[in-house]
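Student: Have a look at this one.
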Amino acid sequence: METTRLVLPGSGPAARDTAALCARLARLYDDGAAAVECDASAVTAPDLAVVEALARLRLAARGRPLRVTGAGPALRALLHLAGLVQLLGEAEEREPAGGVQERVEPGDPPL
């Protein structure tokens, strides 16, 4: 599956940039993107506006593959606090990764 990149601007998207980013994401999917990678490596001052923009991008993706890459420690921490850690492609704390079975019970069907 080919991944298309969407780069977040400068120090991070401001609230006024969010609608344009969502429209750009929708166009990428409409143009045939199977998955989109949102590059956050340029985000130097993450705040709640960046978290809101990423949350709105997640909604705009409408269940299609969207993943944030290049997130620095501060943005990663904010995404963890906001419950958006799945955008980083990681399992939430105390939650097994998809397809992982914690233990096998007698009579359980194979995965």
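Letters for chains follow the order of the structure tokens (A, B, ...), residue numbers begin at 1 for each chain, and ligand numbers begin at 1 in the order shown.
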Taking the DSSP secondary structure from the backbone, can you list the residues of chain A that are alpha helix (DSSP H), as a PyMOL selection string?

Tutor: chain A and resi 18-30+48-61+73-81

Student: For A:Leu6, list every protein, DNA or RNA residue within 12 Å, evaluated using only C-alpha atoms, and leave out those in the same chain fewer than 4 positions away; present the list as a ChimeraX atom specification.

Tutor: /A:20-29,33,35-42,54,57,66-70

Student: Within stretch 7-93 of chain A, find each residue whose DSSP state, derived from the backbone, is strand (DSSP E or B), and express the selection as a list of chain:residue names.

Tutor: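 Strand (DSSP E or B) members of stretch 7-93 of chain A, listed: A:Val7, A:Ala35, A:Val36, A:Glu37, A:Cys38, A:Asp39, A:Leu66, A:Arg67, A:Val68, A:Thr69.
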
Student: Quick one: of A:Asp31, A:Glu105, A:Glu90, A:Asp17, who's nearest to A:Arg56, counting only C-alpha atoms?

Tutor: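 Using only C-alpha atoms, the shortest distance to A:Arg56 belongs to A:Asp17.
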
Student: Neighbours of A:Ala77 within 12 Å (only C-alpha atoms; same-chain residues fewer than 4 positions away dropped), as a list in words?

Tutor: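 Once the adjacent positions are removed, what remains is Pro46, Asp47, Leu48, Val51, Ala71, Gly72, Pro73, Leu81, Ala82, Gly83, Leu84, Val85 and Leu88 of chain A.
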
Student: Would you please work out which residue, of A:Asp108, A:Pro9, A:Glu2, A:Gln86, is nearest to A:Arg58 when using only C-alpha atoms?

Tutor: A:Gln86

Student: To one decimal place in Å, what is the distance between atom CA of A:Val50 and atom CA of A:Gly89?

Tutor: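 Atom CA of A:Gly89 lies at a distance of 17.6 Å from atom CA of A:Val50.
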
Student: State, in Å with one decimal place, the distance from atom CA of A:Ser11 to atom CA of A:Leu79.

Tutor: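 Taking atom CA of A:Ser11 and atom CA of A:Leu79, their separation equals 16.2 Å.
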
Student: What is the atom CA of A:Gly12-atom CA of A:Ala61 distance in Å, reported with one decimal?

Tutor: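 Computing it gives 19.2 Å between the two atoms.
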